[in-house]
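Reviewing the structure listed below.
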Amino acid sequence: MKISLITVTYNSAQTLQDTISSVAKQEYPDIEYIVVDGSSKDNTVDIIKRNESTISNWVSEPDKGMYDAMNKGINMATGDVIGILNSDDFFFDTKVLAEIAAAFNASSSPDAVIGDIVFVDDVDENKIIRRYSAKKWKPSKFAWGYMPPHPSFFVRKEFFDKLGPYKTDYKIAADYELLIRFLLKGKINWKYLPIVTTKMRLGGLSTQGFQSLVTLNKEIARGCKENQVYTNPAMIYSKYLFKPFEFIFK
């Protein structure tokens with residue numbers, strides 16, 4: 001089973017090497033690694049060129065945003081399964097892709113698998129600040145503003161052809177909308193995998209201040225509406241009452 005990984009970059013020079021190195025260290029052999037760069041102005045492309053022994057295919061050209069770049073990567077992919085690895089994220093350990101492949105090859109043969117992720121300190125990657133688990137998640141929680149961790153979502157490529165790609169007119173929550181479309185509306189057969197797949201640095205488009213939070217929740221409501229899922233602002237914003245419990249304190 002070939003696993004296609006897609007990393008989207010734009011001015012990602014500070015973190016990209018860690019991302020690529022975590023792919024290079026994977027013990028699973030059948031990996032197609034695709035990097036889609038949006039014409040970075042820093043030395044991101046230099047880093048990509050230095051790592052061509054790990055990267056299967058890459059392109060650097062203008063795009064219409066992160067989700068457009070993800071779709072480019074999906075179109076370039078030739079693997080059986082697709083996963084997204086953000087340019088400031090990295091795999092939790094060297095066995096992640098082997099465990100994901102084993103889950104897809106199991107007798108249950110799921111269409112997708114979902115694991116857990118952790119958020120780590122920007123300076124000390126071994127300092128876990130928050131754990132984001134999909135163990136108790138179920139599709140009915142979409143209406144309440146809860147999605148499973150997108151970086152831990154691996155899905156058979158054929159479902160992008162059947163159910164469609166990321167919607168590029170979303171600014172922040174196209175991943176939320178796609179997961180509703182795949183897991184709830186499309187009812188694909190998915191399996192929870194009790195492993196941590198990814199370390200994420202605190203930050204990202206969906207955590208950059210109050211205005212991003214407002215945009216995120218508006219797009220969550222829109223994604224629900226477009227997929228015939230009833231919700232309202234009170235339901236969506238209620239999740240912030242429980243957010244503090246996701247953080248880990250010594």
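Here, A, B, ... name the chains of the structure tokens in the order displayed, residue numbers run from 1 inside each chain, and ligands are numbered from 1 in the same displayed order.
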
Residues near Arg201 in chain A, cut-off 10 Å, only C-alpha atoms, skip fewer than 2 positions along chain, as a list in words: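 Here the qualifying residues turn out to be Thr15, Asp88, Asp89, Phe90, Val118, Phe119, Val120, Asp121, Asp122, Val123, Asp124, Glu125, Ile128, Ile129, Thr198, Lys199, Gly203 and Gly204 of chain A.
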
Contact residues around Ala103 in chain A with only C-alpha atoms at 9 Å, ignoring same-chain residues under 6 positions, as a list in words: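 Once the nearby chain positions are removed, what remains is Ser109, Pro110, Val113, Lys191 and Leu193 of chain A.
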
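Omitting Met76 in chain A and its sequence neighbours fewer than 6 positions away, and counting only C-alpha atoms, the residues within 10 Å are Ser4, Ile6, Ile34, Val35, Val36, Asn57, Trp58, Val59 and Met70 of chain A.
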
Just-selected residues, N, CA, C and O atoms written as an mmCIF file, in the first residue's frame:
```
data_model
loop_
_atom_site.group_PDB
_atom_site.id
_atom_site.type_symbol
_atom_site.label_atom_id
_atom_site.label_comp_id
_atom_site.auth_asym_id
_atom_site.auth_seq_id
_atom_site.Cartn_x
_atom_site.Cartn_y
_atom_site.Cartn_z
ATOM 1 N N SER A 4 0.429 8.407 0.189
ATOM 2 C CA SER A 4 0.840 9.713 -0.332
ATOM 3 C C SER A 4 0.680 10.758 0.755
ATOM 4 O O SER A 4 -0.423 10.949 1.283
ATOM 5 N N ILE A 6 1.092 14.822 1.726
ATOM 6 C CA ILE A 6 1.123 16.125 1.072
ATOM 7 C C ILE A 6 1.458 17.197 2.101
ATOM 8 O O ILE A 6 0.793 17.302 3.136
ATOM 9 N N ILE A 34 4.851 14.485 -1.356
ATOM 10 C CA ILE A 34 4.617 15.589 -2.289
ATOM 11 C C ILE A 34 4.625 16.909 -1.526
ATOM 12 O O ILE A 34 3.954 17.040 -0.503
ATOM 13 N N VAL A 35 5.382 17.872 -2.015
ATOM 14 C CA VAL A 35 5.417 19.201 -1.419
ATOM 15 C C VAL A 35 4.908 20.206 -2.450
ATOM 16 O O VAL A 35 5.407 20.255 -3.579
ATOM 17 N N VAL A 36 3.923 20.997 -2.046
ATOM 18 C CA VAL A 36 3.341 22.021 -2.923
ATOM 19 C C VAL A 36 3.620 23.379 -2.293
ATOM 20 O O VAL A 36 3.068 23.714 -1.243
ATOM 21 N N ASN A 57 7.949 14.330 -5.314
ATOM 22 C CA ASN A 57 7.503 15.283 -6.337
ATOM 23 C C ASN A 57 7.229 16.605 -5.648
ATOM 24 O O ASN A 57 6.714 16.629 -4.528
ATOM 25 N N TRP A 58 7.565 17.707 -6.297
ATOM 26 C CA TRP A 58 7.276 19.007 -5.710
ATOM 27 C C TRP A 58 7.070 20.048 -6.798
ATOM 28 O O TRP A 58 7.487 19.875 -7.944
ATOM 29 N N VAL A 59 6.409 21.114 -6.409
ATOM 30 C CA VAL A 59 6.161 22.225 -7.314
ATOM 31 C C VAL A 59 6.176 23.509 -6.508
ATOM 32 O O VAL A 59 5.808 23.514 -5.326
ATOM 33 N N MET A 70 -3.511 22.137 -1.361
ATOM 34 C CA MET A 70 -3.791 20.755 -0.968
ATOM 35 C C MET A 70 -4.418 19.977 -2.123
ATOM 36 O O MET A 70 -4.060 18.824 -2.384
#
```

All residues 9 Å or closer to Cys224 in chain A, only C-alpha atoms, same chain fewer than 6 positions away omitted, as a ChimeraX atom specification: /A:142-143,177,180,230-231

Residues flagged alpha helix (DSSP H) by DSSP in range 65-237 of chain A, as JSON, numbers by chain: {"A": [66, 67, 68, 69, 70, 71, 72, 73, 74, 75, 76, 96, 97, 98, 99, 100, 101, 102, 103, 104, 158, 159, 160, 161, 162, 163, 174, 175, 176, 177, 178, 179, 210, 211, 212, 213, 214, 215, 216, 217, 218, 219, 220, 221, 222, 223, 224, 225, 226, 233, 234, 235, 236, 237]}

Residues within 6 Å of range 215-220 of chain A, only C-alpha atoms, excluding chain neighbours under 2 positions, as a list of chain:residue names: A:Ile172, A:Ala173, A:Ser212, A:Leu213, A:Arg222, A:Gly223

Within 10 Å of Ala13 in chain A using only C-alpha atoms, minus same-chain residues under 5 positions, as a VMD selection string: chain A and resid 18 40 to 48 87 to 88

Top pick for closest residue to Ile236 in chain A, considering A:Val214, A:Tyr166, A:Ile55, A:Thr94 and counting only C-alpha atoms: A:Val214

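Residues surrounding Asn232 in chain A within 9 Å are Ala143, Trp144, Ala221 and Tyr237 of chain A [only C-alpha atoms; sequence separation below 5 positions excluded].
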
Residue with smallest distance to Ala134 in chain A - pool A:Tyr192, A:Tyr28, A:Phe154, A:Tyr176, counting only C-alpha atoms: A:Tyr192

Minimum-distance residue to Pro165 in chain A, chosen among A:Gly73, A:Gly115, A:Gly65, A:Gly79 (using only C-alpha atoms): A:Gly73

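Computed from the coordinates, the CA of Asp161 in chain A to CA of Asn71 in chain A distance equals 11.3 Å.
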
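Restricting the calculation to only C-alpha atoms, the smallest distance between Thr168 in chain A and any of A:Met147, A:Ile188, A:Ala101, A:Met66 is found for A:Met66.
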
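Across the structure, CA of Ile84 in chain A and CA of Pro194 in chain A are spaced 18.4 Å apart.
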
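For the atom pair formed by CA of Asp37 in chain A and CA of Phe160 in chain A, the distance is 21.0 Å, given to one decimal.
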
Those of range 36-237 of chain A in DSSP strand (DSSP E), formatted as a PyMOL selection string: chain A and resi 36-37+57-60+81-84+89-91+112-120+128-132+153-156+190-201

For Ser60 in chain A, the nearest of the candidates A:Val8, A:Leu179, A:Val23, A:Ala77, counting only C-alpha atoms: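 When distances to Ser60 in chain A are compared using only C-alpha atoms, the smallest one comes from A:Val8.
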
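Of the residues under consideration (A:Phe153, A:Tyr10, A:Tyr33, A:Phe91), A:Tyr10 shows the shortest atom-to-atom contact distance to Lys64 in chain A when counting only C-alpha atoms.
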